[in-house]
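Here's the structure we're looking at; comments come further down.
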Amino acid sequence: MVSEYLANKIDLKTLSNLQSQLVGCFPLASFSRLMQHSADQMPTDTQISLAFSLNEQGQRLIVGKVEVVLNMVCQRCLEPFLWNLNVPIHLVQIPEGCKVQSLPEAFEWLEGLADVTTLVELLEDELLLALPVAVSHPLDQCDAQIVKQLQVQDTPEPVKQVESSQFFQALQRIQQEQSKKDHSD
Ligand SMILES: [Zn+2]
């Protein structure tokens with residue numbers, strides 16, 4: 001099944017009044033803040049599936065999911081690898097003039113979001129929140145020397161020291177490269 005590209009501009013009022021669904025793909029590059037976490041700028045798509053509805057209080061509910069494969073850098077071996085991000089969406093928008101009595105459980109309130117908005121406005125924070133703080137390969141697939149050492153050494157104490165010193169060396173290297181880059185820009 002070939003999915004259609006969704007338009008960025010959406011009207012939450014119309015979509016929820018009509019109980020519409022939006023299913024299709026959307027360019028990852030449009031999520032510029034999310035792209036900063038990607039190791040390359042490969043053109044890829046997110047898969048979006050959203051259902052819009054109204055509850056008895058007149059609140060607009062947006063339920064669905066966003067799936068994307070991001071090219072991340074492994075924090076252990078510093079090699080790129082693919083990370084599947086699968087983010088469930090449970091959002092509620094409260095129209096102007098509609099009292100906020102109680103919010104549906106497990107829904108996140110989109111405060112101050114206009115009726116006519118964009119998929120990027122609606123979803124990017126959700127995607128960013130779903131990103132792990134540090135990502136790495138599963139141990140058996142990671143190239144890091146640290147991991148190899150972990151596998152051959154059997155005393156736990158020295159391993160910890162090796163791991164943290166190498167980790168901080170790697171971190172320092174990244175920071176140095178980053179500051180070099182910043183200066184040369
Ligand atoms: Zn790795």
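FYI, nothing fancy with the structure tokens labels: chains A, B, ... in order, residues from 1 per chain, ligands from 1 as they appear.
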Please, which residues in chain A fall within 6 Å of ligand 1 when counting only C-alpha atoms and all ligand atoms, and what is the closest atom pair and distance in Å to one decimal for each, ordered by chain then residue number, as JSON lines?
{"residue": "A:Cys74", "atom": "CA", "partner": "ligand 1", "partner_atom_place_in_ligand_line": "1 (Zn)", "distance": 4.6}
{"residue": "A:Arg76", "atom": "CA", "partner": "ligand 1", "partner_atom_place_in_ligand_line": "1 (Zn)", "distance": 5.0}
{"residue": "A:Cys77", "atom": "CA", "partner": "ligand 1", "partner_atom_place_in_ligand_line": "1 (Zn)", "distance": 4.1}
{"residue": "A:Glu79", "atom": "CA", "partner": "ligand 1", "partner_atom_place_in_ligand_line": "1 (Zn)", "distance": 5.9}
{"residue": "A:Ser136", "atom": "CA", "partner": "ligand 1", "partner_atom_place_in_ligand_line": "1 (Zn)", "distance": 5.4}
{"residue": "A:His137", "atom": "CA", "partner": "ligand 1", "partner_atom_place_in_ligand_line": "1 (Zn)", "distance": 4.5}
{"residue": "A:Cys142", "atom": "CA", "partner": "ligand 1", "partner_atom_place_in_ligand_line": "1 (Zn)", "distance": 3.7}
{"residue": "A:Asp143", "atom": "CA", "partner": "ligand 1", "partner_atom_place_in_ligand_line": "1 (Zn)", "distance": 5.2}
{"residue": "A:Ala144", "atom": "CA", "partner": "ligand 1", "partner_atom_place_in_ligand_line": "1 (Zn)", "distance": 5.7}
Any chance you could list, as a PDB file with N, CA and C atoms, in the first residue's frame, the residues in stretch 51-167 of chain A that come up strand (DSSP E or B) when DSSP is run on the backbone?
ATOM      1  N   ALA A  51      -6.638  10.061  14.611  1.00  0.00           N
ATOM      2  CA  ALA A  51      -8.102  10.133  14.572  1.00  0.00           C
ATOM      3  C   ALA A  51      -8.533  11.317  15.429  1.00  0.00           C
ATOM      4  N   PHE A  52      -9.410  12.141  14.875  1.00  0.00           N
ATOM      5  CA  PHE A  52      -9.884  13.347  15.563  1.00  0.00           C
ATOM      6  C   PHE A  52     -11.330  13.132  16.005  1.00  0.00           C
ATOM      7  N   SER A  53     -11.644  13.579  17.214  1.00  0.00           N
ATOM      8  CA  SER A  53     -13.028  13.450  17.671  1.00  0.00           C
ATOM      9  C   SER A  53     -13.327  14.502  18.733  1.00  0.00           C
ATOM     10  N   LEU A  54     -14.585  14.547  19.137  1.00  0.00           N
ATOM     11  CA  LEU A  54     -15.020  15.466  20.204  1.00  0.00           C
ATOM     12  C   LEU A  54     -15.523  14.615  21.356  1.00  0.00           C
ATOM     13  N   ARG A  60     -11.537  18.595  21.981  1.00  0.00           N
ATOM     14  CA  ARG A  60     -11.114  17.902  20.761  1.00  0.00           C
ATOM     15  C   ARG A  60      -9.997  16.911  21.081  1.00  0.00           C
ATOM     16  N   LEU A  61     -10.244  15.671  20.753  1.00  0.00           N
ATOM     17  CA  LEU A  61      -9.278  14.616  21.064  1.00  0.00           C
ATOM     18  C   LEU A  61      -8.540  14.188  19.804  1.00  0.00           C
ATOM     19  N   ILE A  62      -7.263  13.975  19.963  1.00  0.00           N
ATOM     20  CA  ILE A  62      -6.431  13.525  18.853  1.00  0.00           C
ATOM     21  C   ILE A  62      -5.698  12.270  19.327  1.00  0.00           C
ATOM     22  N   VAL A  63      -6.013  11.155  18.707  1.00  0.00           N
ATOM     23  CA  VAL A  63      -5.454   9.872  19.141  1.00  0.00           C
ATOM     24  C   VAL A  63      -4.818   9.183  17.951  1.00  0.00           C
ATOM     25  N   GLY A  64      -3.658   8.626  18.147  1.00  0.00           N
ATOM     26  CA  GLY A  64      -3.028   7.904  17.039  1.00  0.00           C
ATOM     27  C   GLY A  64      -1.588   7.582  17.331  1.00  0.00           C
ATOM     28  N   LYS A  65      -0.793   7.545  16.278  1.00  0.00           N
ATOM     29  CA  LYS A  65       0.633   7.250  16.473  1.00  0.00           C
ATOM     30  C   LYS A  65       1.466   7.836  15.335  1.00  0.00           C
ATOM     31  N   VAL A  66       2.735   8.015  15.637  1.00  0.00           N
ATOM     32  CA  VAL A  66       3.704   8.455  14.633  1.00  0.00           C
ATOM     33  C   VAL A  66       4.871   7.473  14.665  1.00  0.00           C
ATOM     34  N   GLU A  67       5.252   7.003  13.486  1.00  0.00           N
ATOM     35  CA  GLU A  67       6.388   6.093  13.414  1.00  0.00           C
ATOM     36  C   GLU A  67       7.451   6.679  12.506  1.00  0.00           C
ATOM     37  N   VAL A  68       8.691   6.558  12.938  1.00  0.00           N
ATOM     38  CA  VAL A  68       9.792   7.038  12.103  1.00  0.00           C
ATOM     39  C   VAL A  68      11.060   6.256  12.445  1.00  0.00           C
ATOM     40  N   VAL A  69      11.909   6.085  11.438  1.00  0.00           N
ATOM     41  CA  VAL A  69      13.214   5.469  11.680  1.00  0.00           C
ATOM     42  C   VAL A  69      14.253   6.576  11.620  1.00  0.00           C
ATOM     43  N   LEU A  70      14.933   6.782  12.729  1.00  0.00           N
ATOM     44  CA  LEU A  70      15.941   7.848  12.804  1.00  0.00           C
ATOM     45  C   LEU A  70      17.335   7.249  12.737  1.00  0.00           C
ATOM     46  N   ASN A  71      18.229   7.970  12.087  1.00  0.00           N
ATOM     47  CA  ASN A  71      19.616   7.540  12.050  1.00  0.00           C
ATOM     48  C   ASN A  71      20.341   8.205  13.229  1.00  0.00           C
ATOM     49  N   MET A  72      20.586   7.438  14.281  1.00  0.00           N
ATOM     50  CA  MET A  72      21.168   7.997  15.501  1.00  0.00           C
ATOM     51  C   MET A  72      22.631   7.575  15.615  1.00  0.00           C
ATOM     52  N   VAL A  73      23.347   8.210  16.541  1.00  0.00           N
ATOM     53  CA  VAL A  73      24.733   7.814  16.807  1.00  0.00           C
ATOM     54  C   VAL A  73      24.755   7.019  18.116  1.00  0.00           C
ATOM     55  N   PRO A  80      26.905   5.271  13.569  1.00  0.00           N
ATOM     56  CA  PRO A  80      25.476   5.499  13.341  1.00  0.00           C
ATOM     57  C   PRO A  80      24.692   4.187  13.320  1.00  0.00           C
ATOM     58  N   PHE A  81      23.485   4.241  13.730  1.00  0.00           N
ATOM     59  CA  PHE A  81      22.605   3.078  13.606  1.00  0.00           C
ATOM     60  C   PHE A  81      21.148   3.541  13.584  1.00  0.00           C
ATOM     61  N   LEU A  82      20.280   2.653  13.112  1.00  0.00           N
ATOM     62  CA  LEU A  82      18.877   3.043  12.923  1.00  0.00           C
ATOM     63  C   LEU A  82      18.075   2.812  14.195  1.00  0.00           C
ATOM     64  N   TRP A  83      17.297   3.809  14.548  1.00  0.00           N
ATOM     65  CA  TRP A  83      16.490   3.744  15.774  1.00  0.00           C
ATOM     66  C   TRP A  83      15.015   3.893  15.385  1.00  0.00           C
ATOM     67  N   ASN A  84      14.216   2.918  15.757  1.00  0.00           N
ATOM     68  CA  ASN A  84      12.779   2.984  15.465  1.00  0.00           C
ATOM     69  C   ASN A  84      12.074   3.771  16.545  1.00  0.00           C
ATOM     70  N   LEU A  85      11.445   4.851  16.137  1.00  0.00           N
ATOM     71  CA  LEU A  85      10.689   5.660  17.087  1.00  0.00           C
ATOM     72  C   LEU A  85       9.204   5.444  16.792  1.00  0.00           C
ATOM     73  N   ASN A  86       8.508   4.938  17.766  1.00  0.00           N
ATOM     74  CA  ASN A  86       7.091   4.641  17.597  1.00  0.00           C
ATOM     75  C   ASN A  86       6.356   5.357  18.730  1.00  0.00           C
ATOM     76  N   VAL A  87       5.712   6.462  18.402  1.00  0.00           N
ATOM     77  CA  VAL A  87       5.195   7.347  19.452  1.00  0.00           C
ATOM     78  C   VAL A  87       3.662   7.351  19.469  1.00  0.00           C
ATOM     79  N   PRO A  88       3.059   6.868  20.538  1.00  0.00           N
ATOM     80  CA  PRO A  88       1.597   6.968  20.661  1.00  0.00           C
ATOM     81  C   PRO A  88       1.195   8.414  20.935  1.00  0.00           C
ATOM     82  N   ILE A  89       0.093   8.840  20.349  1.00  0.00           N
ATOM     83  CA  ILE A  89      -0.374  10.223  20.499  1.00  0.00           C
ATOM     84  C   ILE A  89      -1.722  10.240  21.232  1.00  0.00           C
ATOM     85  N   HIS A  90      -1.781  11.004  22.324  1.00  0.00           N
ATOM     86  CA  HIS A  90      -3.038  11.217  23.063  1.00  0.00           C
ATOM     87  C   HIS A  90      -3.091  12.685  23.455  1.00  0.00           C
ATOM     88  N   LEU A  91      -3.658  13.494  22.577  1.00  0.00           N
ATOM     89  CA  LEU A  91      -3.658  14.933  22.825  1.00  0.00           C
ATOM     90  C   LEU A  91      -5.090  15.445  22.918  1.00  0.00           C
ATOM     91  N   VAL A  92      -5.259  16.520  23.684  1.00  0.00           N
ATOM     92  CA  VAL A  92      -6.573  17.159  23.742  1.00  0.00           C
ATOM     93  C   VAL A  92      -6.391  18.655  23.537  1.00  0.00           C
ATOM     94  N   GLN A  93      -7.245  19.208  22.663  1.00  0.00           N
ATOM     95  CA  GLN A  93      -7.260  20.653  22.483  1.00  0.00           C
ATOM     96  C   GLN A  93      -8.600  21.159  22.977  1.00  0.00           C
ATOM     97  N   GLU A 108      -2.704  14.579  26.948  1.00  0.00           N
ATOM     98  CA  GLU A 108      -1.898  15.772  27.203  1.00  0.00           C
ATOM     99  C   GLU A 108      -2.595  16.975  26.590  1.00  0.00           C
ATOM    100  N   TRP A 109      -2.724  18.026  27.364  1.00  0.00           N
ATOM    101  CA  TRP A 109      -3.446  19.222  26.945  1.00  0.00           C
ATOM    102  C   TRP A 109      -2.557  20.102  26.079  1.00  0.00           C
ATOM    103  N   VAL A 116      -6.375  26.452  13.609  1.00  0.00           N
ATOM    104  CA  VAL A 116      -5.661  26.150  12.366  1.00  0.00           C
ATOM    105  C   VAL A 116      -4.176  26.106  12.700  1.00  0.00           C
ATOM    106  N   THR A 117      -3.604  24.944  12.566  1.00  0.00           N
ATOM    107  CA  THR A 117      -2.216  24.763  12.970  1.00  0.00           C
ATOM    108  C   THR A 117      -1.519  23.850  11.956  1.00  0.00           C
ATOM    109  N   THR A 118      -0.407  23.256  12.356  1.00  0.00           N
ATOM    110  CA  THR A 118       0.323  22.382  11.435  1.00  0.00           C
ATOM    111  C   THR A 118       0.616  21.051  12.139  1.00  0.00           C
TER     112      THR A 118
END
Could you pull out all residues of stretch 2-173 of chain A with a DSSP call of helix (DSSP H, G or I) and give them as a PyMOL selection string? chain A and resi 12-17+28-30+32-35+119-130+139-141+145-152+156-173
Please, could you write that set of residues out with C-alpha atoms as a CSV table (one decimal), in the first residue's frame?
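The result, stored in result_3.csv:
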chain,number,residue,atom,x,y,z
A,12,LEU,CA,-8.4,21.0,14.3
A,13,LYS,CA,-12.0,22.4,14.5
A,14,THR,CA,-13.1,20.9,11.1
A,15,LEU,CA,-11.2,17.6,11.7
A,16,SER,CA,-12.7,17.0,15.1
A,17,ASN,CA,-16.2,18.1,14.1
A,28,LEU,CA,10.9,13.8,8.5
A,29,ALA,CA,12.8,16.9,7.3
A,30,SER,CA,9.8,19.1,8.2
A,32,SER,CA,13.6,20.5,12.0
A,33,ARG,CA,14.2,20.2,15.8
A,34,LEU,CA,13.9,16.4,15.6
A,35,MET,CA,16.3,16.3,12.7
A,119,LEU,CA,1.3,18.7,11.9
A,120,VAL,CA,4.7,19.9,13.0
A,121,GLU,CA,3.3,22.2,15.7
A,122,LEU,CA,1.0,19.4,16.8
A,123,LEU,CA,3.5,16.5,16.9
A,124,GLU,CA,7.1,17.7,17.1
A,125,ASP,CA,7.2,18.0,20.9
A,126,GLU,CA,5.7,14.6,21.3
A,127,LEU,CA,8.4,13.1,19.1
A,128,LEU,CA,11.2,15.0,20.9
A,129,LEU,CA,9.9,13.8,24.3
A,130,ALA,CA,9.9,10.2,23.1
A,139,LEU,CA,25.4,-5.0,23.5
A,140,ASP,CA,25.9,-7.9,21.1
A,141,GLN,CA,25.7,-5.7,18.0
A,145,GLN,CA,36.1,-1.6,22.2
A,146,ILE,CA,34.6,-1.1,25.7
A,147,VAL,CA,32.1,-3.8,25.0
A,148,LYS,CA,34.8,-6.2,23.8
A,149,GLN,CA,36.7,-5.6,26.9
A,150,LEU,CA,33.6,-6.1,29.0
A,151,GLN,CA,33.2,-9.5,27.3
A,152,VAL,CA,36.7,-10.7,28.0
A,156,PRO,CA,33.6,-6.3,37.5
A,157,GLU,CA,35.5,-3.4,39.3
A,158,PRO,CA,38.2,-2.5,36.7
A,159,VAL,CA,35.7,-2.8,33.9
A,160,LYS,CA,33.6,0.0,35.4
A,161,GLN,CA,36.7,2.2,35.5
A,162,VAL,CA,37.6,1.4,31.9
A,163,GLU,CA,34.1,2.0,30.8
A,164,SER,CA,33.8,5.4,32.5
A,165,SER,CA,37.2,6.7,31.5
A,166,GLN,CA,36.7,5.7,27.9
A,167,PHE,CA,33.2,7.1,27.9
A,168,PHE,CA,34.4,10.4,29.1
A,169,GLN,CA,37.3,10.4,26.6
A,170,ALA,CA,34.9,9.8,23.8
A,171,LEU,CA,32.6,12.5,25.2
A,172,GLN,CA,35.5,15.0,25.4
A,173,ARG,CA,36.4,14.2,21.8
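Atom CA of A:Glu96 lies 12.1 Å from atom CA of A:Leu110.
Interatomic distance, atom CA of A:Gln36 to atom CA of A:Ser179: 16.3 Å.
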Between A:Pro138, A:Leu131, A:Ile174, A:Pro27, which has the minimum distance to A:Met42 (counting only C-alpha atoms)? A:Pro27
In terms of only C-alpha atoms, the residue from A:Ser49, A:Ser102, A:Ser38, A:Thr44 at minimal distance from A:Ser20 is A:Ser49
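Atom CA of A:Gln47 is positioned 25.4 Å from atom CA of A:Glu105.
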